[in-house]
>>> print(open('work.cif').read())   # mmCIF, C-alpha atoms
data_query
loop_
_atom_site.group_PDB
_atom_site.id
_atom_site.type_symbol
_atom_site.label_atom_id
_atom_site.label_comp_id
_atom_site.auth_asym_id
_atom_site.auth_seq_id
_atom_site.Cartn_x
_atom_site.Cartn_y
_atom_site.Cartn_z
ATOM 1 C CA MET A 1 0.000 0.000 0.000
ATOM 2 C CA LYS A 2 1.273 3.457 -0.904
ATOM 3 C CA PRO A 3 2.072 5.880 1.906
ATOM 4 C CA ARG A 4 -0.628 8.502 2.298
ATOM 5 C CA ILE A 5 0.239 12.183 2.649
ATOM 6 C CA PHE A 6 -2.255 14.748 3.931
ATOM 7 C CA VAL A 7 -1.787 18.286 2.553
ATOM 8 C CA GLY A 8 -3.505 21.014 4.522
ATOM 9 C CA SER A 9 -3.766 24.757 4.027
ATOM 10 C CA SER A 10 -6.135 27.635 4.493
ATOM 11 C CA GLY A 11 -8.788 28.366 1.898
ATOM 12 C CA GLU A 12 -6.637 31.298 0.799
ATOM 13 C CA GLY A 13 -3.626 29.005 0.387
ATOM 14 C CA LEU A 14 -5.510 26.299 -1.508
ATOM 15 C CA SER A 15 -3.895 27.134 -4.866
ATOM 16 C CA ILE A 16 -0.434 26.629 -3.318
ATOM 17 C CA ALA A 17 -1.612 23.403 -1.651
ATOM 18 C CA LYS A 18 -2.821 22.181 -5.059
ATOM 19 C CA GLU A 19 0.636 22.906 -6.507
ATOM 20 C CA VAL A 20 2.185 20.942 -3.637
ATOM 21 C CA LYS A 21 -0.189 18.034 -4.273
ATOM 22 C CA SER A 22 0.533 18.015 -8.005
ATOM 23 C CA TYR A 23 4.303 18.125 -7.493
ATOM 24 C CA LEU A 24 4.252 15.341 -4.913
ATOM 25 C CA GLU A 25 2.018 13.147 -7.106
ATOM 26 C CA ASN A 26 4.511 13.511 -9.959
ATOM 27 C CA ASN A 27 7.595 12.863 -7.829
ATOM 28 C CA LEU A 28 6.616 10.380 -5.114
ATOM 29 C CA ASN A 29 4.949 6.988 -5.222
ATOM 30 C CA CYS A 30 2.410 8.092 -2.616
ATOM 31 C CA GLU A 31 -1.270 8.893 -2.377
ATOM 32 C CA ILE A 32 -1.718 12.615 -1.789
ATOM 33 C CA ILE A 33 -4.876 13.696 0.009
ATOM 34 C CA LEU A 34 -5.722 17.387 -0.149
ATOM 35 C CA TRP A 35 -7.850 18.777 2.689
ATOM 36 C CA SER A 36 -10.463 19.966 0.184
ATOM 37 C CA ASN A 37 -10.992 16.473 -1.301
ATOM 38 C CA PRO A 38 -14.490 15.065 -0.819
ATOM 39 C CA GLY A 39 -14.661 12.779 2.216
ATOM 40 C CA VAL A 40 -11.738 14.291 4.125
ATOM 41 C CA PHE A 41 -14.211 16.028 6.384
ATOM 42 C CA ASP A 42 -16.976 13.488 6.992
ATOM 43 C CA PHE A 43 -20.667 14.298 7.140
ATOM 44 C CA ASN A 44 -22.145 14.456 10.649
ATOM 45 C CA LYS A 45 -18.702 14.907 12.215
ATOM 46 C CA SER A 46 -16.878 17.991 13.355
ATOM 47 C CA ALA A 47 -13.784 19.161 11.496
ATOM 48 C CA LEU A 48 -11.765 18.428 14.635
ATOM 49 C CA SER A 49 -13.038 14.859 14.763
ATOM 50 C CA SER A 50 -12.141 14.311 11.095
ATOM 51 C CA LEU A 51 -8.668 15.769 11.651
ATOM 52 C CA ILE A 52 -8.094 13.544 14.686
ATOM 53 C CA ASP A 53 -9.204 10.505 12.660
ATOM 54 C CA GLY A 54 -6.600 11.547 10.082
ATOM 55 C CA ARG A 55 -3.810 10.420 12.402
ATOM 56 C CA LEU A 56 -4.962 6.852 11.688
ATOM 57 C CA LEU A 57 -5.448 7.402 7.943
ATOM 58 C CA TYR A 58 -2.297 9.254 6.867
ATOM 59 C CA ASP A 59 1.406 8.494 7.070
ATOM 60 C CA PHE A 60 2.651 12.069 6.628
ATOM 61 C CA ALA A 61 1.185 15.561 6.923
ATOM 62 C CA ILE A 62 2.295 18.688 5.122
ATOM 63 C CA LEU A 63 0.768 22.021 6.097
ATOM 64 C CA VAL A 64 1.109 25.103 3.919
ATOM 65 C CA ALA A 65 1.479 28.381 5.859
ATOM 66 C CA THR A 66 0.643 31.313 3.591
ATOM 67 C CA LYS A 67 0.172 35.063 4.142
ATOM 68 C CA ASP A 68 -3.465 34.947 5.102
ATOM 69 C CA ASP A 69 -3.927 37.401 7.947
ATOM 70 C CA LEU A 70 -2.253 40.563 9.130
ATOM 71 C CA ALA A 71 -1.690 40.760 12.876
ATOM 72 C CA ARG A 72 -0.042 43.215 15.220
ATOM 73 C CA PHE A 73 2.692 41.862 17.485
ATOM 74 C CA ARG A 74 4.392 44.202 19.956
ATOM 75 C CA GLY A 75 3.692 47.188 17.761
ATOM 76 C CA PHE A 76 4.717 45.541 14.467
ATOM 77 C CA LYS A 77 2.422 44.271 11.739
ATOM 78 C CA LYS A 78 3.194 40.759 10.531
ATOM 79 C CA PHE A 79 1.600 38.309 8.154
ATOM 80 C CA ILE A 80 0.471 35.090 9.825
ATOM 81 C CA PRO A 81 -1.091 31.882 8.528
ATOM 82 C CA ARG A 82 -4.662 30.980 9.399
ATOM 83 C CA ASP A 83 -4.906 29.565 12.893
ATOM 84 C CA ASN A 84 -6.257 26.256 11.577
ATOM 85 C CA VAL A 85 -2.979 25.654 9.690
ATOM 86 C CA VAL A 86 -0.905 26.146 12.843
ATOM 87 C CA PHE A 87 -3.336 24.008 14.847
ATOM 88 C CA GLU A 88 -3.265 21.162 12.304
ATOM 89 C CA PHE A 89 0.530 21.288 12.182
ATOM 90 C CA GLY A 90 0.615 20.887 15.961
ATOM 91 C CA LEU A 91 -1.998 18.135 15.891
ATOM 92 C CA TYR A 92 -0.129 16.040 13.322
ATOM 93 C CA LEU A 93 3.266 16.854 14.815
ATOM 94 C CA GLY A 94 1.996 15.338 18.060
ATOM 95 C CA ALA A 95 0.514 12.336 16.251
ATOM 96 C CA PHE A 96 3.264 11.619 13.692
ATOM 97 C CA GLY A 97 6.360 13.277 15.119
ATOM 98 C CA GLU A 98 8.867 15.565 13.469
ATOM 99 C CA ASN A 99 9.951 12.974 10.893
ATOM 100 C CA ARG A 100 6.520 12.766 9.295
ATOM 101 C CA THR A 101 5.078 16.261 9.699
ATOM 102 C CA LEU A 102 6.223 19.323 7.766
ATOM 103 C CA ILE A 103 5.127 22.904 7.476
ATOM 104 C CA ILE A 104 5.955 24.771 4.279
ATOM 105 C CA GLN A 105 6.198 28.480 5.042
ATOM 106 C CA GLU A 106 5.688 31.367 2.660
ATOM 107 C CA SER A 107 8.446 33.921 3.175
ATOM 108 C CA ASP A 108 7.608 36.748 5.585
ATOM 109 C CA VAL A 109 4.978 34.652 7.388
ATOM 110 C CA LYS A 110 5.345 34.686 11.154
ATOM 111 C CA LEU A 111 5.039 31.283 12.797
ATOM 112 C CA PRO A 112 4.657 30.761 16.547
ATOM 113 C CA THR A 113 7.843 31.511 18.463
ATOM 114 C CA ASP A 114 8.077 27.881 19.617
ATOM 115 C CA LEU A 115 9.087 27.114 16.024
ATOM 116 C CA ASN A 116 11.981 29.601 16.027
ATOM 117 C CA GLY A 117 15.148 27.773 15.064
ATOM 118 C CA VAL A 118 13.278 24.918 13.370
ATOM 119 C CA THR A 119 14.364 24.534 9.744
ATOM 120 C CA VAL A 120 11.313 24.645 7.504
ATOM 121 C CA PRO A 121 11.044 24.890 3.727
ATOM 122 C CA ARG A 122 10.375 28.532 2.831
ATOM 123 C CA PHE A 123 9.054 29.630 -0.528
ATOM 124 C CA SER A 124 8.453 32.978 -2.144
ATOM 125 C CA ILE A 125 5.726 33.680 -4.673
ATOM 126 C CA LYS A 126 7.871 36.519 -6.083
ATOM 127 C CA LYS A 127 10.946 34.306 -6.505
ATOM 128 C CA ASN A 128 8.821 31.423 -7.809
ATOM 129 C CA ASN A 129 10.887 28.904 -5.817
ATOM 130 C CA LEU A 130 8.156 26.587 -4.552
ATOM 131 C CA GLN A 131 9.294 23.674 -6.739
ATOM 132 C CA GLU A 132 12.868 24.105 -5.504
ATOM 133 C CA GLN A 133 11.626 23.703 -1.924
ATOM 134 C CA LEU A 134 9.380 20.787 -2.890
ATOM 135 C CA LYS A 135 12.401 18.917 -4.306
ATOM 136 C CA GLN A 136 13.817 18.973 -0.784
ATOM 137 C CA VAL A 137 10.479 17.853 0.663
ATOM 138 C CA VAL A 138 10.386 14.914 -1.762
ATOM 139 C CA SER A 139 13.937 13.989 -0.774
ATOM 140 C CA PHE A 140 13.034 14.225 2.930
ATOM 141 C CA ILE A 141 9.942 12.024 2.562
ATOM 142 C CA SER A 142 11.697 9.535 0.263
ATOM 143 C CA ASP A 143 14.445 9.171 2.846
ATOM 144 C CA LYS A 144 11.931 8.504 5.621
ATOM 145 C CA ILE A 145 10.104 5.930 3.497
ATOM 146 C CA SER A 146 13.283 4.154 2.344
ATOM 147 C CA HIS A 147 14.614 3.952 5.898
ATOM 148 C CA ASN A 148 11.215 2.801 7.122
ATOM 149 C CA GLU A 149 11.070 5.519 9.747
ATOM 150 C CA PHE A 150 7.374 5.124 10.387
ATOM 151 C CA GLN A 151 6.415 5.305 14.034
ATOM 152 C CA ILE A 152 5.163 1.945 15.151
ATOM 153 C CA LEU A 153 2.026 1.853 17.223
ATOM 154 C CA PRO A 154 1.798 -0.932 19.815
ATOM 155 C CA SER A 155 -0.870 -2.676 17.711
ATOM 156 C CA THR A 156 1.365 -2.463 14.638
ATOM 157 C CA ALA A 157 4.312 -3.914 16.523
ATOM 158 C CA LEU A 158 2.111 -6.754 17.742
ATOM 159 C CA ALA A 159 0.857 -7.440 14.206
ATOM 160 C CA VAL A 160 4.377 -7.385 12.740
ATOM 161 C CA GLY A 161 5.644 -9.687 15.474
ATOM 162 C CA TYR A 162 2.734 -12.076 14.898
ATOM 163 C CA TYR A 163 3.450 -12.114 11.170
ATOM 164 C CA TYR A 164 7.165 -12.859 11.509
ATOM 165 C CA SER A 165 6.956 -15.295 14.407
ATOM 166 C CA PHE A 166 3.885 -17.235 13.314
ATOM 167 C CA LEU A 167 2.226 -16.472 9.978
ATOM 168 C CA LYS A 168 5.358 -16.331 7.828
ATOM 169 C CA ASN A 169 6.720 -19.583 9.302
ATOM 170 C CA THR A 170 3.349 -21.300 8.964
ATOM 171 C CA ALA A 171 2.925 -20.179 5.337
ATOM 172 C CA THR A 172 6.472 -21.301 4.518
ATOM 173 C CA SER A 173 5.872 -24.714 6.098
ATOM 174 C CA ILE A 174 2.590 -25.173 4.240
ATOM 175 C CA ASN A 175 4.193 -24.084 0.979
ATOM 176 C CA GLU A 176 7.055 -26.595 1.423
#
>>> encode(input="work.cif", output="structure tokens")
Amino acid sequence: MKPRIFVGSSGEGLSIAKEVKSYLENNLNCEIILWSNPGVFDFNKSALSSLIDGRLLYDFAILVATKDDLARFRGFKKFIPRDNVVFEFGLYLGAFGENRTLIIQESDVKLPTDLNGVTVPRFSIKKNNLQEQLKQVVSFISDKISHNEFQILPSTALAVGYYYSFLKNTATSINE
């Protein structure tokens, strides 16, 4: 089964998220799920509930932080991403860890200070360097997939152990 990558953004950043999706589809052997796809947010469920369920459905998450809002911080005006983008990054960072969650930041977008010093791909609409940054994202994800750096849940570890210690041996014996 192909790894599944969730791509989230604000409504304002959807065109950039679509570019990310298209680039990843052309350069990775993965299924890319954009937040705006039908079924991502289920009927009769809250958005939060659907996002939380996503931790069981996706292998990676990429959030796109674009210049959506203008805020005042300590007397200075700064562009910030929509709060849902920052929230979803934190949600999936907690669920998947830093090896499977990325935020792609538009230049001049202020992220929360807890992310100061964290290396994130930064793109500029003016410089048209999104694809350059996405090459690095593809390399990062490919490396994680090839080194099998998926976090193993206790149930997954139990299933893998059961396969190797019982099912594989049984199937081999039957086959012989």
>>> closest_residue(input="work.cif", among="A:Thr170, A:Asn99, A:Gln136, A:Gln105", to="Arg122 in chain A", atoms="only C-alpha atoms")
A:Gln105
>>> resolve_selection(input="work.cif", expression="the PyMOL selection byres ((chain A and resi 63) around 10)", output="list of chain:residue names")
A:Phe6, A:Val7, A:Gly8, A:Ser9, A:Ser10, A:Ala17, A:Val20, A:Trp35, A:Ala61, A:Ile62, A:Val64, A:Ala65, A:Thr66, A:Asn84, A:Val85, A:Val86, A:Phe87, A:Glu88, A:Phe89, A:Gly90, A:Tyr92, A:Thr101, A:Leu102, A:Ile103, A:Ile104, A:Gln105
>>> axis_aligned_box(input="work.cif", around="range 121-138 of chain A", padding_each_side="5 Å", output="AutoDock Vina command-line options")
--center_x 9.8 --center_y 25.7 --center_z -2.0 --size_x 18.1 --size_y 31.6 --size_z 21.5
>>> atom_distance(input="work.cif", atom1="CA of Val120 in chain A", atom2="CA of Phe60 in chain A")
15.3 Å
>>> closest_residue(input="work.cif", among="A:Ile5, A:Ile125, A:Ile145, A:Leu130", to="Asp59 in chain A", atoms="only C-alpha atoms")
A:Ile5
>>> residues_around(input="work.cif", residues="Asn148 in chain A", least_positions_apart="3", cutoff="12 Å", atoms="all atoms listed in the file", output="JSON, numbers by chain")
{"A": [3, 59, 99, 100, 141, 142, 143, 144, 145, 151, 152]}
>>> atom_distance(input="work.cif", atom1="CA of Pro121 in chain A", atom2="CA of Val137 in chain A")
7.7 Å
>>> resolve_selection(input="work.cif", expression="the PyMOL selection byres ((chain A and resi 71) around 12)", output="NGL selection string")
:A and (67-70 or 72-83 or 109-111)
>>> closest_residue(input="work.cif", among="A:Glu12, A:Thr113, A:Ser146, A:Gly39", to="Leu51 in chain A", atoms="only C-alpha atoms")
A:Gly39
>>> residues_around(input="work.cif", residues="Lys127 in chain A", least_positions_apart="5", cutoff="12 Å", atoms="all atoms listed in the file", output="compact mmCIF listing (two decimals) with C-alpha atoms, in the coordinates of the input")
# COMPACT_ATOMS: atom_id res chain seq x y z
CA GLU A 106 5.69 31.37 2.66
CA SER A 107 8.45 33.92 3.18
CA ARG A 122 10.38 28.53 2.83
CA GLU A 132 12.87 24.10 -5.50
CA GLN A 133 11.63 23.70 -1.92
>>> atom_distance(input="work.cif", atom1="CA of Asn26 in chain A", atom2="CA of Asn129 in chain A")
17.2 Å
>>> resolve_selection(input="work.cif", expression="the PyMOL selection byres ((chain A and resi 28) around 10)", output="ChimeraX atom specification")
/A:2-3,23-27,29-32,138-139,141-142
>>> closest_residue(input="work.cif", among="A:Leu56, A:Ile16, A:Leu48, A:Leu34", to="Gln131 in chain A", atoms="all atoms listed in the file")
A:Ile16
>>> closest_residue(input="work.cif", among="A:Glu98, A:Asp108, A:Asp53, A:Asp114", to="Lys126 in chain A", atoms="all atoms listed in the file")
A:Asp108
>>> build_atoms(input="work.cif", residues="range 75-107 of chain A", atoms="N, CA and C atoms", output="PDB file, keeping the file's coordinate frame")
ATOM      1  N   GLY A  75       3.594  45.959  18.521  1.00  0.00           N
ATOM      2  CA  GLY A  75       3.692  47.188  17.761  1.00  0.00           C
ATOM      3  C   GLY A  75       4.065  47.012  16.297  1.00  0.00           C
ATOM      4  N   PHE A  76       4.362  45.801  15.858  1.00  0.00           N
ATOM      5  CA  PHE A  76       4.717  45.541  14.467  1.00  0.00           C
ATOM      6  C   PHE A  76       3.624  44.733  13.780  1.00  0.00           C
ATOM      7  N   LYS A  77       3.382  45.044  12.520  1.00  0.00           N
ATOM      8  CA  LYS A  77       2.422  44.271  11.739  1.00  0.00           C
ATOM      9  C   LYS A  77       3.159  43.127  11.052  1.00  0.00           C
ATOM     10  N   LYS A  78       2.584  41.951  11.138  1.00  0.00           N
ATOM     11  CA  LYS A  78       3.194  40.759  10.531  1.00  0.00           C
ATOM     12  C   LYS A  78       2.110  39.927   9.870  1.00  0.00           C
ATOM     13  N   PHE A  79       2.503  39.260   8.785  1.00  0.00           N
ATOM     14  CA  PHE A  79       1.600  38.309   8.154  1.00  0.00           C
ATOM     15  C   PHE A  79       1.677  36.996   8.922  1.00  0.00           C
ATOM     16  N   ILE A  80       0.525  36.381   9.136  1.00  0.00           N
ATOM     17  CA  ILE A  80       0.471  35.090   9.825  1.00  0.00           C
ATOM     18  C   ILE A  80      -0.423  34.140   9.020  1.00  0.00           C
ATOM     19  N   PRO A  81      -0.195  32.841   9.182  1.00  0.00           N
ATOM     20  CA  PRO A  81      -1.091  31.882   8.528  1.00  0.00           C
ATOM     21  C   PRO A  81      -2.404  31.808   9.293  1.00  0.00           C
ATOM     22  N   ARG A  82      -3.406  31.208   8.689  1.00  0.00           N
ATOM     23  CA  ARG A  82      -4.662  30.980   9.399  1.00  0.00           C
ATOM     24  C   ARG A  82      -4.381  30.101  10.607  1.00  0.00           C
ATOM     25  N   ASP A  83      -5.131  30.327  11.665  1.00  0.00           N
ATOM     26  CA  ASP A  83      -4.906  29.565  12.893  1.00  0.00           C
ATOM     27  C   ASP A  83      -5.133  28.070  12.716  1.00  0.00           C
ATOM     28  N   ASN A  84      -6.017  27.686  11.782  1.00  0.00           N
ATOM     29  CA  ASN A  84      -6.257  26.256  11.577  1.00  0.00           C
ATOM     30  C   ASN A  84      -5.004  25.555  11.043  1.00  0.00           C
ATOM     31  N   VAL A  85      -4.203  26.252  10.236  1.00  0.00           N
ATOM     32  CA  VAL A  85      -2.979  25.654   9.690  1.00  0.00           C
ATOM     33  C   VAL A  85      -1.987  25.375  10.814  1.00  0.00           C
ATOM     34  N   VAL A  86      -1.823  26.330  11.709  1.00  0.00           N
ATOM     35  CA  VAL A  86      -0.905  26.146  12.843  1.00  0.00           C
ATOM     36  C   VAL A  86      -1.433  25.042  13.763  1.00  0.00           C
ATOM     37  N   PHE A  87      -2.739  25.042  14.001  1.00  0.00           N
ATOM     38  CA  PHE A  87      -3.336  24.008  14.847  1.00  0.00           C
ATOM     39  C   PHE A  87      -3.121  22.621  14.248  1.00  0.00           C
ATOM     40  N   GLU A  88      -3.402  22.463  12.953  1.00  0.00           N
ATOM     41  CA  GLU A  88      -3.265  21.162  12.304  1.00  0.00           C
ATOM     42  C   GLU A  88      -1.810  20.706  12.280  1.00  0.00           C
ATOM     43  N   PHE A  89      -0.886  21.652  12.109  1.00  0.00           N
ATOM     44  CA  PHE A  89       0.530  21.288  12.182  1.00  0.00           C
ATOM     45  C   PHE A  89       0.848  20.716  13.561  1.00  0.00           C
ATOM     46  N   GLY A  90       0.383  21.376  14.597  1.00  0.00           N
ATOM     47  CA  GLY A  90       0.615  20.887  15.961  1.00  0.00           C
ATOM     48  C   GLY A  90      -0.055  19.547  16.215  1.00  0.00           C
ATOM     49  N   LEU A  91      -1.270  19.392  15.719  1.00  0.00           N
ATOM     50  CA  LEU A  91      -1.998  18.135  15.891  1.00  0.00           C
ATOM     51  C   LEU A  91      -1.230  16.974  15.271  1.00  0.00           C
ATOM     52  N   TYR A  92      -0.822  17.130  14.004  1.00  0.00           N
ATOM     53  CA  TYR A  92      -0.129  16.040  13.322  1.00  0.00           C
ATOM     54  C   TYR A  92       1.308  15.885  13.793  1.00  0.00           C
ATOM     55  N   LEU A  93       1.931  16.963  14.228  1.00  0.00           N
ATOM     56  CA  LEU A  93       3.266  16.854  14.815  1.00  0.00           C
ATOM     57  C   LEU A  93       3.212  15.981  16.064  1.00  0.00           C
ATOM     58  N   GLY A  94       2.181  16.170  16.874  1.00  0.00           N
ATOM     59  CA  GLY A  94       1.996  15.338  18.060  1.00  0.00           C
ATOM     60  C   GLY A  94       1.664  13.900  17.713  1.00  0.00           C
ATOM     61  N   ALA A  95       0.917  13.691  16.641  1.00  0.00           N
ATOM     62  CA  ALA A  95       0.514  12.336  16.251  1.00  0.00           C
ATOM     63  C   ALA A  95       1.615  11.592  15.502  1.00  0.00           C
ATOM     64  N   PHE A  96       2.297  12.284  14.573  1.00  0.00           N
ATOM     65  CA  PHE A  96       3.264  11.619  13.692  1.00  0.00           C
ATOM     66  C   PHE A  96       4.716  11.854  14.081  1.00  0.00           C
ATOM     67  N   GLY A  97       4.983  12.934  14.787  1.00  0.00           N
ATOM     68  CA  GLY A  97       6.360  13.277  15.119  1.00  0.00           C
ATOM     69  C   GLY A  97       6.994  14.148  14.044  1.00  0.00           C
ATOM     70  N   GLU A  98       8.184  14.606  14.352  1.00  0.00           N
ATOM     71  CA  GLU A  98       8.867  15.565  13.469  1.00  0.00           C
ATOM     72  C   GLU A  98       9.396  14.937  12.181  1.00  0.00           C
ATOM     73  N   ASN A  99       9.470  13.620  12.110  1.00  0.00           N
ATOM     74  CA  ASN A  99       9.951  12.974  10.893  1.00  0.00           C
ATOM     75  C   ASN A  99       8.861  12.742   9.862  1.00  0.00           C
ATOM     76  N   ARG A 100       7.615  13.009  10.243  1.00  0.00           N
ATOM     77  CA  ARG A 100       6.520  12.766   9.295  1.00  0.00           C
ATOM     78  C   ARG A 100       5.566  13.938   9.187  1.00  0.00           C
ATOM     79  N   THR A 101       5.930  15.074   9.759  1.00  0.00           N
ATOM     80  CA  THR A 101       5.078  16.261   9.699  1.00  0.00           C
ATOM     81  C   THR A 101       5.932  17.452   9.281  1.00  0.00           C
ATOM     82  N   LEU A 102       5.494  18.157   8.259  1.00  0.00           N
ATOM     83  CA  LEU A 102       6.223  19.323   7.766  1.00  0.00           C
ATOM     84  C   LEU A 102       5.282  20.505   7.648  1.00  0.00           C
ATOM     85  N   ILE A 103       5.858  21.689   7.805  1.00  0.00           N
ATOM     86  CA  ILE A 103       5.127  22.904   7.476  1.00  0.00           C
ATOM     87  C   ILE A 103       5.961  23.619   6.421  1.00  0.00           C
ATOM     88  N   ILE A 104       5.306  24.032   5.350  1.00  0.00           N
ATOM     89  CA  ILE A 104       5.955  24.771   4.279  1.00  0.00           C
ATOM     90  C   ILE A 104       5.514  26.218   4.452  1.00  0.00           C
ATOM     91  N   GLN A 105       6.477  27.106   4.642  1.00  0.00           N
ATOM     92  CA  GLN A 105       6.198  28.480   5.042  1.00  0.00           C
ATOM     93  C   GLN A 105       6.460  29.463   3.908  1.00  0.00           C
ATOM     94  N   GLU A 106       5.471  30.271   3.601  1.00  0.00           N
ATOM     95  CA  GLU A 106       5.688  31.367   2.660  1.00  0.00           C
ATOM     96  C   GLU A 106       6.597  32.380   3.337  1.00  0.00           C
ATOM     97  N   SER A 107       7.524  32.950   2.578  1.00  0.00           N
ATOM     98  CA  SER A 107       8.446  33.921   3.175  1.00  0.00           C
ATOM     99  C   SER A 107       7.664  35.081   3.784  1.00  0.00           C
TER     100      SER A 107
END
